[in-house]
$ cat structure.csv   # CSV, C-alpha atoms and all ligand atoms
chain,number,residue,atom,x,y,z
A,116,MET,CA,-37.0,-13.2,278.6
A,117,GLY,CA,-36.2,-10.3,280.8
A,118,ARG,CA,-33.3,-8.0,280.0
A,119,LEU,CA,-31.4,-5.9,282.4
A,120,PHE,CA,-33.1,-2.6,281.5
A,121,ASP,CA,-36.6,-3.8,280.8
A,122,PHE,CA,-37.8,-1.8,283.8
A,123,MET,CA,-37.1,1.4,282.0
A,124,LEU,CA,-39.5,0.8,279.1
A,125,PRO,CA,-43.3,1.1,279.1
A,126,ASP,CA,-45.5,-1.7,277.9
A,127,ASN,CA,-45.0,-2.9,274.3
A,128,GLN,CA,-48.5,-3.0,272.8
A,129,SER,CA,-47.4,-2.9,269.2
A,130,PRO,CA,-44.5,-5.4,268.6
A,131,LEU,CA,-44.3,-4.6,264.9
A,132,THR,CA,-43.3,-1.0,265.5
A,133,ALA,CA,-41.8,-1.4,269.0
A,134,ASP,CA,-39.5,-4.4,268.8
A,135,SER,CA,-36.7,-2.9,266.8
A,136,THR,CA,-36.8,0.3,268.9
A,137,ASP,CA,-36.6,-1.8,272.1
A,138,GLY,CA,-33.8,-4.0,270.8
A,139,LEU,CA,-31.7,-1.0,269.9
A,140,PHE,CA,-32.6,0.7,273.2
A,141,HIS,CA,-31.3,-2.4,275.1
A,142,PHE,CA,-28.2,-2.6,273.0
A,143,ILE,CA,-27.2,1.0,273.5
A,144,THR,CA,-28.0,1.0,277.2
A,145,GLU,CA,-26.2,-2.3,277.8
A,146,VAL,CA,-23.1,-1.2,275.9
A,147,SER,CA,-23.1,2.1,277.8
A,148,PHE,CA,-23.5,0.2,281.1
A,149,ILE,CA,-20.6,-2.2,280.3
A,150,LEU,CA,-18.4,0.8,279.3
A,151,LEU,CA,-19.4,2.7,282.5
A,152,VAL,CA,-18.4,-0.2,284.7
A,153,GLY,CA,-15.2,-1.0,282.8
A,154,ILE,CA,-14.0,2.6,282.7
A,155,THR,CA,-14.8,3.1,286.4
A,156,ILE,CA,-12.8,0.0,287.4
A,157,ALA,CA,-9.9,1.0,285.2
A,158,LEU,CA,-9.9,4.5,286.5
A,159,ILE,CA,-9.8,3.4,290.2
A,160,TYR,CA,-7.2,0.7,289.4
A,161,PHE,CA,-4.9,3.2,287.5
A,162,ALA,CA,-5.3,5.9,290.2
A,163,ILE,CA,-4.0,3.4,292.8
A,164,LYS,CA,-1.4,1.8,290.6
A,165,TYR,CA,0.2,5.0,289.3
A,166,LYS,CA,-0.2,7.1,292.4
A,167,ARG,CA,2.9,9.3,293.0
A,168,LYS,CA,5.0,7.4,295.5
A,169,SER,CA,7.9,9.8,296.2
A,170,GLU,CA,9.2,13.3,295.5
A,171,ASP,CA,11.4,12.2,292.6
A,172,ASP,CA,8.8,9.9,291.1
A,173,GLU,CA,8.6,11.1,287.5
A,174,THR,CA,6.2,10.2,284.6
A,175,PRO,CA,8.2,8.9,281.6
A,176,LEU,CA,7.6,10.7,278.3
A,177,ILE,CA,5.1,8.8,276.2
A,178,THR,CA,4.5,10.0,272.6
A,179,HIS,CA,2.0,7.4,271.2
A,180,ASN,CA,0.9,3.8,271.2
A,181,ASN,CA,-0.4,2.6,267.8
A,182,THR,CA,-2.2,-0.5,269.0
A,183,LEU,CA,-4.1,1.4,271.7
A,184,GLU,CA,-5.0,4.4,269.5
A,185,ILE,CA,-6.3,2.2,266.6
A,186,SER,CA,-8.3,0.0,268.9
A,187,TRP,CA,-10.0,2.9,270.7
A,188,SER,CA,-10.9,4.5,267.4
A,189,VAL,CA,-12.0,1.3,265.5
A,190,ILE,CA,-14.1,-0.4,268.2
A,191,PRO,CA,-16.3,2.7,268.9
A,192,LEU,CA,-16.6,3.2,265.1
A,193,LEU,CA,-17.9,-0.4,264.8
A,194,ILE,CA,-20.3,0.1,267.6
A,195,THR,CA,-21.6,3.3,266.1
A,196,LEU,CA,-22.1,1.7,262.7
A,197,VAL,CA,-24.1,-1.1,264.3
A,198,ILE,CA,-26.3,1.6,266.0
A,199,PHE,CA,-26.7,3.5,262.8
A,200,GLY,CA,-27.6,0.4,260.7
A,201,TRP,CA,-30.1,-0.8,263.4
A,202,GLY,CA,-31.6,2.6,263.8
A,203,TYR,CA,-31.9,3.1,260.0
A,204,SER,CA,-33.7,-0.3,259.5
A,205,GLY,CA,-36.1,0.6,262.4
A,206,TRP,CA,-36.8,3.9,260.8
A,207,LEU,CA,-37.5,2.3,257.4
A,208,ASN,CA,-39.9,-0.1,259.1
A,209,LEU,CA,-41.8,2.9,260.7
A,210,ARG,CA,-41.9,4.6,257.2
A,211,SER,CA,-43.3,1.5,255.4
A,212,VAL,CA,-47.0,1.2,256.1
A,213,PRO,CA,-48.5,-2.2,255.4
A,214,ASP,CA,-50.9,-2.2,252.4
A,215,ASP,CA,-53.9,-3.4,254.3
A,216,ALA,CA,-53.7,-0.7,257.0
A,217,TYR,CA,-56.9,0.9,258.3
A,218,GLU,CA,-56.7,4.7,257.7
A,219,ILE,CA,-57.8,7.3,260.3
A,220,HIS,CA,-57.4,11.0,259.9
A,221,VAL,CA,-56.0,13.0,262.8
A,222,ASN,CA,-56.6,16.7,263.4
A,223,ALA,CA,-54.4,18.3,266.0
A,224,PHE,CA,-55.4,21.7,267.4
A,225,LYS,CA,-54.8,23.6,270.6
A,226,TRP,CA,-55.3,21.5,272.7
A,227,ASN,CA,-57.1,18.5,271.4
A,228,TRP,CA,-56.8,15.5,269.2
A,229,GLY,CA,-59.7,15.0,266.7
A,230,PHE,CA,-60.1,11.7,264.9
A,231,ASN,CA,-62.1,11.1,261.7
A,232,TYR,CA,-63.0,7.6,260.5
A,233,SER,CA,-63.8,6.2,257.0
A,234,ASN,CA,-67.5,6.1,257.6
A,235,GLY,CA,-67.9,9.7,258.9
A,236,ALA,CA,-67.6,8.8,262.6
A,237,GLN,CA,-65.7,11.5,264.6
A,238,THR,CA,-64.2,11.4,268.1
A,239,LEU,CA,-62.3,13.9,270.2
A,240,ASN,CA,-59.4,12.8,272.4
A,241,GLU,CA,-60.3,9.1,272.0
A,242,LEU,CA,-58.8,7.1,269.2
A,243,HIS,CA,-60.7,3.9,268.5
A,244,VAL,CA,-58.7,1.2,266.7
A,245,PRO,CA,-59.2,-2.6,266.0
A,246,LYS,CA,-56.8,-5.1,267.5
A,247,GLY,CA,-54.4,-7.1,265.4
A,248,ARG,CA,-54.7,-4.9,262.3
A,249,PRO,CA,-52.3,-2.3,261.1
A,250,VAL,CA,-53.6,1.3,261.5
A,251,LYS,CA,-52.3,4.3,259.6
A,252,LEU,CA,-52.8,7.7,261.0
A,253,VAL,CA,-52.8,10.6,258.5
A,254,MET,CA,-52.2,13.6,260.6
A,255,GLN,CA,-52.3,17.4,260.2
A,256,SER,CA,-52.4,20.4,262.5
A,257,ARG,CA,-54.9,23.2,262.3
A,258,ASP,CA,-52.7,25.7,264.1
A,259,VAL,CA,-49.2,25.2,265.4
A,260,LEU,CA,-46.7,22.4,265.6
A,261,HIS,CA,-47.8,19.5,267.7
A,262,SER,CA,-46.3,16.0,268.0
A,263,PHE,CA,-48.2,12.7,268.3
A,264,PHE,CA,-46.6,10.2,270.7
A,265,VAL,CA,-47.8,6.8,272.0
A,266,PRO,CA,-45.1,5.4,274.2
A,267,ASP,CA,-46.7,1.9,274.3
A,268,PHE,CA,-46.5,1.7,270.5
A,269,ARG,CA,-43.1,3.5,270.2
A,270,VAL,CA,-44.4,5.8,267.6
A,271,LYS,CA,-43.9,9.6,267.6
A,272,HIS,CA,-44.1,12.1,264.8
A,273,ASP,CA,-44.5,15.8,264.4
A,274,VAL,CA,-47.9,17.1,263.3
A,275,LEU,CA,-47.7,20.2,261.1
A,276,PRO,CA,-50.0,22.8,259.7
A,277,ASN,CA,-50.3,22.7,255.9
A,278,ARG,CA,-48.6,19.3,255.5
A,279,TYR,CA,-49.7,15.7,256.2
A,280,THR,CA,-47.5,13.4,258.2
A,281,TYR,CA,-48.2,9.8,259.2
A,282,VAL,CA,-47.5,7.0,261.7
A,283,TRP,CA,-48.6,3.4,261.8
A,284,PHE,CA,-48.9,0.7,264.4
A,285,GLN,CA,-50.6,-2.6,265.1
A,286,ALA,CA,-52.0,-3.0,268.6
A,287,GLU,CA,-52.0,-6.7,269.7
A,288,GLU,CA,-54.0,-6.5,272.9
A,289,ALA,CA,-57.4,-5.0,273.6
A,290,GLY,CA,-57.3,-2.2,276.1
A,291,GLU,CA,-56.0,1.3,276.3
A,292,ALA,CA,-52.9,3.3,275.6
A,293,GLN,CA,-51.9,6.9,276.3
A,294,ILE,CA,-51.4,9.6,273.7
A,295,PHE,CA,-49.2,12.6,274.5
A,296,CYS,CA,-48.4,15.8,272.6
A,297,THR,CA,-44.6,16.1,272.7
A,298,GLU,CA,-44.1,19.5,271.1
A,299,TYR,CA,-44.5,22.6,273.3
A,300,CYS,CA,-47.6,24.2,271.7
A,301,GLY,CA,-48.8,26.8,274.2
A,302,THR,CA,-50.6,27.2,277.6
A,303,SER,CA,-52.3,23.8,277.8
A,304,HIS,CA,-49.7,21.7,276.0
A,305,SER,CA,-49.3,19.4,279.0
A,306,ASN,CA,-53.1,18.7,279.0
A,307,MET,CA,-53.1,17.8,275.3
A,308,LEU,CA,-53.7,14.2,276.0
A,309,ALA,CA,-55.8,11.5,274.5
A,310,LYS,CA,-56.5,7.7,274.8
A,311,VAL,CA,-56.2,4.9,272.3
A,312,ILE,CA,-59.1,2.5,272.8
A,313,ILE,CA,-58.2,-0.9,271.3
A,314,HIS,CA,-61.2,-3.0,270.4
A,315,GLU,CA,-61.6,-6.6,269.4
A,316,PRO,CA,-62.1,-6.6,265.6
A,317,ASP,CA,-65.8,-7.3,265.6
A,318,GLU,CA,-66.4,-5.0,268.5
A,319,PHE,CA,-64.6,-2.2,266.5
A,320,GLU,CA,-67.0,-2.8,263.5
A,321,THR,CA,-70.0,-2.4,265.8
A,322,TRP,CA,-68.5,0.7,267.4
A,323,LEU,CA,-68.0,2.2,263.9
A,324,GLU,CA,-71.6,1.5,262.8
A,325,THR,CA,-73.1,2.9,266.0
A,326,ASN,CA,-70.9,6.1,265.8
A,327,GLY,CA,-71.0,6.8,262.0
A,328,GLY,CA,-72.8,9.6,260.3
A,329,GLY,CA,-71.5,12.5,262.4
A,330,VAL,CA,-73.8,14.9,264.4
A,331,SER,CA,-77.6,14.5,264.4
A,332,GLY,CA,-80.7,15.6,266.1
A,333,SER,CA,-82.4,18.9,266.8
A,334,PRO,CA,-80.3,22.1,266.5
A,335,VAL,CA,-79.6,22.2,270.2
A,336,GLU,CA,-78.6,18.5,270.2
A,337,GLN,CA,-76.3,19.1,267.2
A,338,GLY,CA,-74.8,22.1,268.9
A,339,GLU,CA,-74.1,20.1,272.0
A,340,GLN,CA,-72.3,17.4,269.9
A,341,LEU,CA,-70.4,20.1,268.0
A,342,VAL,CA,-69.2,21.7,271.2
A,343,SER,CA,-67.8,18.3,272.3
A,344,LEU,CA,-66.3,17.4,268.9
A,345,GLN,CA,-64.7,20.8,268.3
A,346,GLY,CA,-62.9,20.6,271.6
A,347,CYS,CA,-64.5,23.8,273.0
A,348,LYS,CA,-64.9,22.2,276.5
A,349,THR,CA,-61.1,22.0,276.8
A,350,CYS,CA,-61.0,25.8,277.5
A,351,HIS,CA,-64.7,26.7,278.2
A,352,SER,CA,-66.4,25.0,281.2
A,353,LEU,CA,-70.1,24.3,281.3
A,354,ASP,CA,-70.4,24.9,285.1
A,355,GLY,CA,-69.1,28.4,285.6
A,356,THR,CA,-65.5,27.5,286.4
A,357,LYS,CA,-62.7,29.5,284.7
A,358,ILE,CA,-60.4,27.4,282.6
A,359,ILE,CA,-58.6,29.1,279.7
A,360,GLY,CA,-61.6,31.0,278.3
A,361,PRO,CA,-64.9,32.3,279.8
A,362,SER,CA,-67.3,29.6,280.9
A,363,PHE,CA,-70.3,28.8,278.7
A,364,LYS,CA,-72.7,28.8,281.7
A,365,GLY,CA,-74.9,31.8,281.6
A,366,LEU,CA,-72.8,33.3,278.8
A,367,PHE,CA,-75.6,34.1,276.3
A,368,GLY,CA,-77.1,37.5,277.0
A,369,LYS,CA,-74.4,38.5,279.5
A,370,GLN,CA,-72.5,41.8,279.6
A,371,GLU,CA,-68.8,41.3,279.2
A,372,THR,CA,-66.0,43.8,279.8
A,373,LEU,CA,-63.4,43.6,277.0
A,374,SER,CA,-59.6,43.9,277.4
A,375,ASP,CA,-59.8,47.5,276.1
A,376,GLY,CA,-62.3,48.4,278.8
A,377,SER,CA,-65.4,48.6,276.6
A,378,THR,CA,-68.4,46.4,277.1
A,379,VAL,CA,-70.3,44.1,274.8
A,380,THR,CA,-73.5,42.0,275.2
A,381,VAL,CA,-73.0,38.4,274.3
A,382,ASP,CA,-75.5,37.9,271.5
A,383,GLU,CA,-75.6,35.8,268.3
A,384,ASN,CA,-73.2,38.1,266.4
A,385,TYR,CA,-70.7,38.3,269.2
A,386,ILE,CA,-70.6,34.5,269.5
A,387,ARG,CA,-70.3,34.1,265.8
A,388,GLU,CA,-67.4,36.6,265.6
A,389,SER,CA,-65.7,35.0,268.6
A,390,ILE,CA,-65.8,31.6,267.0
A,391,LEU,CA,-64.5,32.7,263.6
A,392,ASN,CA,-62.1,35.4,264.8
A,393,PRO,CA,-61.5,35.0,268.6
A,394,GLY,CA,-58.9,37.7,268.8
A,395,ALA,CA,-61.3,40.5,267.7
A,396,LYS,CA,-63.0,41.1,271.1
A,397,VAL,CA,-61.1,39.4,274.0
A,398,VAL,CA,-62.8,39.4,277.4
A,399,GLN,CA,-60.8,41.2,280.2
A,400,GLY,CA,-58.8,38.8,282.3
A,401,TYR,CA,-58.3,36.3,279.5
A,402,ASP,CA,-55.4,35.8,277.0
A,403,ASN,CA,-55.9,35.8,273.2
A,404,VAL,CA,-54.9,32.1,272.7
A,405,MET,CA,-57.9,30.6,270.8
A,406,THR,CA,-57.3,29.3,267.3
A,407,PRO,CA,-59.7,30.9,264.8
A,408,TYR,CA,-62.4,28.5,263.6
A,409,GLU,CA,-62.8,30.3,260.2
A,410,GLY,CA,-63.2,27.6,257.6
A,411,ARG,CA,-63.6,24.8,260.2
A,412,VAL,CA,-67.3,25.3,261.1
A,413,SER,CA,-70.2,26.1,258.7
A,414,ASP,CA,-72.8,28.8,259.2
A,415,ASP,CA,-75.4,26.1,260.1
A,416,GLU,CA,-73.0,24.6,262.7
A,417,ILE,CA,-72.4,28.0,264.3
A,418,SER,CA,-76.2,28.6,264.5
A,419,ASN,CA,-76.6,25.2,266.2
A,420,ILE,CA,-73.8,26.0,268.7
A,421,ILE,CA,-75.5,29.3,269.5
A,422,GLU,CA,-78.8,27.5,270.1
A,423,TYR,CA,-77.0,25.1,272.5
A,424,LEU,CA,-75.3,27.9,274.3
A,425,LYS,CA,-78.6,29.6,274.9
A,426,THR,CA,-79.7,26.6,276.9
A,427,LEU,CA,-76.8,26.8,279.3
A,428,LYS,CA,-78.3,29.1,281.9
A,501,LIG,CU1,-49.9,20.1,271.1
A,501,LIG,CU2,-48.1,20.3,272.7
$ encode --input "structure.csv" --output "structure tokens" --more "lines below"
Ligand code: CUA
Amino acid sequence: MGRLFDFMLPDNQSPLTADSTDGLFHFITEVSFILLVGITIALIYFAIKYKRKSEDDETPLITHNNTLEISWSVIPLLITLVIFGWGYSGWLNLRSVPDDAYEIHVNAFKWNWGFNYSNGAQTLNELHVPKGRPVKLVMQSRDVLHSFFVPDFRVKHDVLPNRYTYVWFQAEEAGEAQIFCTEYCGTSHSNMLAKVIIHEPDEFETWLETNGGGVSGSPVEQGEQLVSLQGCKTCHSLDGTKIIGPSFKGLFGKQETLSDGSTVTVDENYIRESILNPGAKVVQGYDNVMTPYEGRVSDDEISNIIEYLKTLK
């Protein structure tokens, strides 16, 4: 059943969280539209009716009109109370996660979304969820304030450092939905995008099983997976192009000029320092925008990443 302003809303892929938001949206927009039309018509009508007709046409002195003043105070008050009650019940619904929700952990960091699943599976910028089951996202940021937003689910919440926040939804159709960051978080904020991949329930179980267990393989293979999962490729290309940071191609063994004019050879120690404390030696022509990875990667992981970088000639 189409409503007048349906065209303004994106798909509704999670009715349990979206319906009350949409209902309220339609109510506010339709009431505003009716008021706009009514006030415009009255304005034009009065302008014509009370136009000054002659030189001695004088407006009578009007002090007040109780009926009019009470009605234009009480009617808007009632409309506002309806909007408040509706909004509050919608907010309570978004705060009450169903007990059987499947939990996924979300790590936001400049400028990526990382997802950790119950069996150890990890993905970057791709959130895999089952269809027809409530999903709870427990979210935190590793650096600055971000905000998680899926328009098709009508869920949005700030993601903070040092504190967990959450959202929940239940996708009812297999397919995809877009994730945005909606808090300005630095240079590549507008590229901080991810996709929700909604699977059929049995397909999701299969996906979990095949992707569980984290990184594996030889040191070089593990390094390659880590570089993907840690979001390095958002800022460092593998083909020599300049994005936000220096390209990884041909990086190992290279002479770099730093922002203070001195030079450094890219060896194991320089890479290690640049991962843990990127601001220590910034290459000339680049900004100091990388989040320190101190506490987020282990020594073994750093060694594997270095082994992988050595292969990018
Ligand atoms: Cu993260 Cu904007």
$ residues_near_ligand --input "structure.csv" --ligand "ligand LIG 501 (chain A)" --cutoff "12 Å" --atoms "all atoms listed in the file" --output "ChimeraX atom specification"
/A:222-229,255-264,272-276,294-309
$ residues_around --input "structure.csv" --residues "segment 357-370 of chain A" --least-positions-apart "3" --cutoff "6 Å" --atoms "all atoms listed in the file" --output "VMD selection string"
chain A and resid 350 to 354 379 to 382 425 427 to 428
$ write_last_selection --input "structure.csv" --atoms "C-alpha atoms" --output "compact mmCIF listing (two decimals), in the coordinates of the input"
# COMPACT_ATOMS: atom_id res chain seq x y z
CA CYS A 350 -61.00 25.80 277.50
CA HIS A 351 -64.70 26.70 278.20
CA SER A 352 -66.40 25.00 281.20
CA LEU A 353 -70.10 24.30 281.30
CA ASP A 354 -70.40 24.90 285.10
CA VAL A 379 -70.30 44.10 274.80
CA THR A 380 -73.50 42.00 275.20
CA VAL A 381 -73.00 38.40 274.30
CA ASP A 382 -75.50 37.90 271.50
CA LYS A 425 -78.60 29.60 274.90
CA LEU A 427 -76.80 26.80 279.30
CA LYS A 428 -78.30 29.10 281.90
$ residues_near_point --input "structure.csv" --point "(-51.6, 8.1, 258.7)" --cutoff "8 Å" --atoms "only C-alpha atoms" --output "list in words"
Glu218, Ile219, His220, Val221, Val250, Lys251, Leu252, Val253, Met254, Thr280, Tyr281, Val282 and Trp283 of chain A
$ atom_distance --input "structure.csv" --atom1 "atom CA of Tyr279 of chain A" --atom2 "atom CA of Thr136 of chain A"
23.8 Å
$ closest_residue --input "structure.csv" --among "A:Arg210, A:Ala286, A:Lys166, A:Tyr423" --to "Val342 of chain A" --atoms "all atoms listed in the file"
A:Tyr423
$ atom_distance --input "structure.csv" --atom1 "atom CA of His314 of chain A" --atom2 "atom CA of Asp126 of chain A"
17.4 Å
$ residues_near_point --input "structure.csv" --point "(-47.8, 1.8, 272.3)" --cutoff "8 Å" --atoms "only C-alpha atoms" --output "ChimeraX atom specification"
/A:126-129,133,265-270,286,292-293
$ residues_around --input "structure.csv" --residues "Thr144 of chain A" --least-positions-apart "4" --cutoff "12 Å" --atoms "all atoms listed in the file" --output "number ranges by chain"
A: 118-121, 123-124, 137-140, 148-151, 198
$ closest_residue --input "structure.csv" --among "A:Ser233, A:Thr378, A:Thr238, A:Ser389" --to "Glu320 of chain A" --atoms "only C-alpha atoms"
A:Ser233
$ build_atoms --input "structure.csv" --residues "segment 349-359 of chain A" --atoms "all heavy atoms" --output "PDB file, keeping the file's coordinate frame"
ATOM      1  N   THR A 349     -62.431  21.989 276.276  1.00  0.00           N
ATOM      2  CA  THR A 349     -61.100  22.000 276.800  1.00  0.00           C
ATOM      3  C   THR A 349     -60.797  23.335 277.522  1.00  0.00           C
ATOM      4  O   THR A 349     -60.096  23.405 278.514  1.00  0.00           O
ATOM      5  CB  THR A 349     -60.040  21.750 275.730  1.00  0.00           C
ATOM      6  OG1 THR A 349     -60.353  20.515 275.104  1.00  0.00           O
ATOM      7  CG2 THR A 349     -58.634  21.692 276.287  1.00  0.00           C
ATOM      8  N   CYS A 350     -61.348  24.415 276.945  1.00  0.00           N
ATOM      9  CA  CYS A 350     -61.000  25.800 277.500  1.00  0.00           C
ATOM     10  C   CYS A 350     -62.257  26.474 278.048  1.00  0.00           C
ATOM     11  O   CYS A 350     -62.098  27.474 278.743  1.00  0.00           O
ATOM     12  CB  CYS A 350     -60.442  26.611 276.354  1.00  0.00           C
ATOM     13  SG  CYS A 350     -58.943  25.915 275.643  1.00  0.00           S
ATOM     14  N   HIS A 351     -63.470  26.015 277.733  1.00  0.00           N
ATOM     15  CA  HIS A 351     -64.700  26.700 278.200  1.00  0.00           C
ATOM     16  C   HIS A 351     -65.496  25.680 279.050  1.00  0.00           C
ATOM     17  O   HIS A 351     -65.965  24.686 278.509  1.00  0.00           O
ATOM     18  CB  HIS A 351     -65.539  27.185 277.061  1.00  0.00           C
ATOM     19  CG  HIS A 351     -64.819  28.128 276.147  1.00  0.00           C
ATOM     20  ND1 HIS A 351     -64.679  29.471 276.407  1.00  0.00           N
ATOM     21  CD2 HIS A 351     -64.182  27.911 274.967  1.00  0.00           C
ATOM     22  CE1 HIS A 351     -64.004  30.049 275.424  1.00  0.00           C
ATOM     23  NE2 HIS A 351     -63.678  29.129 274.537  1.00  0.00           N
ATOM     24  N   SER A 352     -65.650  25.967 280.347  1.00  0.00           N
ATOM     25  CA  SER A 352     -66.400  25.000 281.200  1.00  0.00           C
ATOM     26  C   SER A 352     -67.902  25.224 280.968  1.00  0.00           C
ATOM     27  O   SER A 352     -68.342  26.225 280.405  1.00  0.00           O
ATOM     28  CB  SER A 352     -66.069  25.269 282.663  1.00  0.00           C
ATOM     29  OG  SER A 352     -66.766  26.421 283.123  1.00  0.00           O
ATOM     30  N   LEU A 353     -68.682  24.246 281.411  1.00  0.00           N
ATOM     31  CA  LEU A 353     -70.100  24.300 281.300  1.00  0.00           C
ATOM     32  C   LEU A 353     -70.748  24.654 282.680  1.00  0.00           C
ATOM     33  O   LEU A 353     -71.952  24.818 282.816  1.00  0.00           O
ATOM     34  CB  LEU A 353     -70.735  23.024 280.793  1.00  0.00           C
ATOM     35  CG  LEU A 353     -70.205  22.526 279.445  1.00  0.00           C
ATOM     36  CD1 LEU A 353     -70.932  21.252 279.038  1.00  0.00           C
ATOM     37  CD2 LEU A 353     -70.359  23.585 278.369  1.00  0.00           C
ATOM     38  N   ASP A 354     -69.903  24.716 283.726  1.00  0.00           N
ATOM     39  CA  ASP A 354     -70.400  24.900 285.100  1.00  0.00           C
ATOM     40  C   ASP A 354     -70.000  26.170 285.761  1.00  0.00           C
ATOM     41  O   ASP A 354     -70.132  26.314 286.972  1.00  0.00           O
ATOM     42  CB  ASP A 354     -70.007  23.670 285.941  1.00  0.00           C
ATOM     43  CG  ASP A 354     -68.489  23.585 286.076  1.00  0.00           C
ATOM     44  OD1 ASP A 354     -67.790  24.459 285.518  1.00  0.00           O
ATOM     45  OD2 ASP A 354     -68.009  22.647 286.734  1.00  0.00           O
ATOM     46  N   GLY A 355     -69.463  27.110 284.997  1.00  0.00           N
ATOM     47  CA  GLY A 355     -69.100  28.400 285.600  1.00  0.00           C
ATOM     48  C   GLY A 355     -67.651  28.520 286.010  1.00  0.00           C
ATOM     49  O   GLY A 355     -67.194  29.620 286.322  1.00  0.00           O
ATOM     50  N   THR A 356     -66.880  27.418 286.034  1.00  0.00           N
ATOM     51  CA  THR A 356     -65.500  27.500 286.400  1.00  0.00           C
ATOM     52  C   THR A 356     -64.651  28.138 285.293  1.00  0.00           C
ATOM     53  O   THR A 356     -64.941  27.931 284.119  1.00  0.00           O
ATOM     54  CB  THR A 356     -64.862  26.175 286.813  1.00  0.00           C
ATOM     55  OG1 THR A 356     -65.297  25.210 285.876  1.00  0.00           O
ATOM     56  CG2 THR A 356     -65.239  25.768 288.210  1.00  0.00           C
ATOM     57  N   LYS A 357     -63.611  28.888 285.695  1.00  0.00           N
ATOM     58  CA  LYS A 357     -62.700  29.500 284.700  1.00  0.00           C
ATOM     59  C   LYS A 357     -61.620  28.549 284.324  1.00  0.00           C
ATOM     60  O   LYS A 357     -60.878  28.090 285.185  1.00  0.00           O
ATOM     61  CB  LYS A 357     -62.139  30.797 285.310  1.00  0.00           C
ATOM     62  CG  LYS A 357     -61.150  31.494 284.389  1.00  0.00           C
ATOM     63  CD  LYS A 357     -60.620  32.782 285.004  1.00  0.00           C
ATOM     64  CE  LYS A 357     -59.483  33.334 284.114  1.00  0.00           C
ATOM     65  NZ  LYS A 357     -58.969  34.625 284.582  1.00  0.00           N
ATOM     66  N   ILE A 358     -61.512  28.200 283.035  1.00  0.00           N
ATOM     67  CA  ILE A 358     -60.400  27.400 282.600  1.00  0.00           C
ATOM     68  C   ILE A 358     -59.440  28.299 281.833  1.00  0.00           C
ATOM     69  O   ILE A 358     -58.774  29.137 282.424  1.00  0.00           O
ATOM     70  CB  ILE A 358     -60.798  26.140 281.770  1.00  0.00           C
ATOM     71  CG1 ILE A 358     -62.055  25.466 282.367  1.00  0.00           C
ATOM     72  CG2 ILE A 358     -59.658  25.132 281.732  1.00  0.00           C
ATOM     73  CD1 ILE A 358     -62.582  24.297 281.561  1.00  0.00           C
ATOM     74  N   ILE A 359     -59.446  28.176 280.501  1.00  0.00           N
ATOM     75  CA  ILE A 359     -58.600  29.100 279.700  1.00  0.00           C
ATOM     76  C   ILE A 359     -59.419  30.224 279.173  1.00  0.00           C
ATOM     77  O   ILE A 359     -58.952  31.354 279.080  1.00  0.00           O
ATOM     78  CB  ILE A 359     -58.014  28.260 278.491  1.00  0.00           C
ATOM     79  CG1 ILE A 359     -57.293  27.000 278.973  1.00  0.00           C
ATOM     80  CG2 ILE A 359     -57.131  29.150 277.628  1.00  0.00           C
ATOM     81  CD1 ILE A 359     -55.834  27.102 279.164  1.00  0.00           C
TER      82      ILE A 359
END
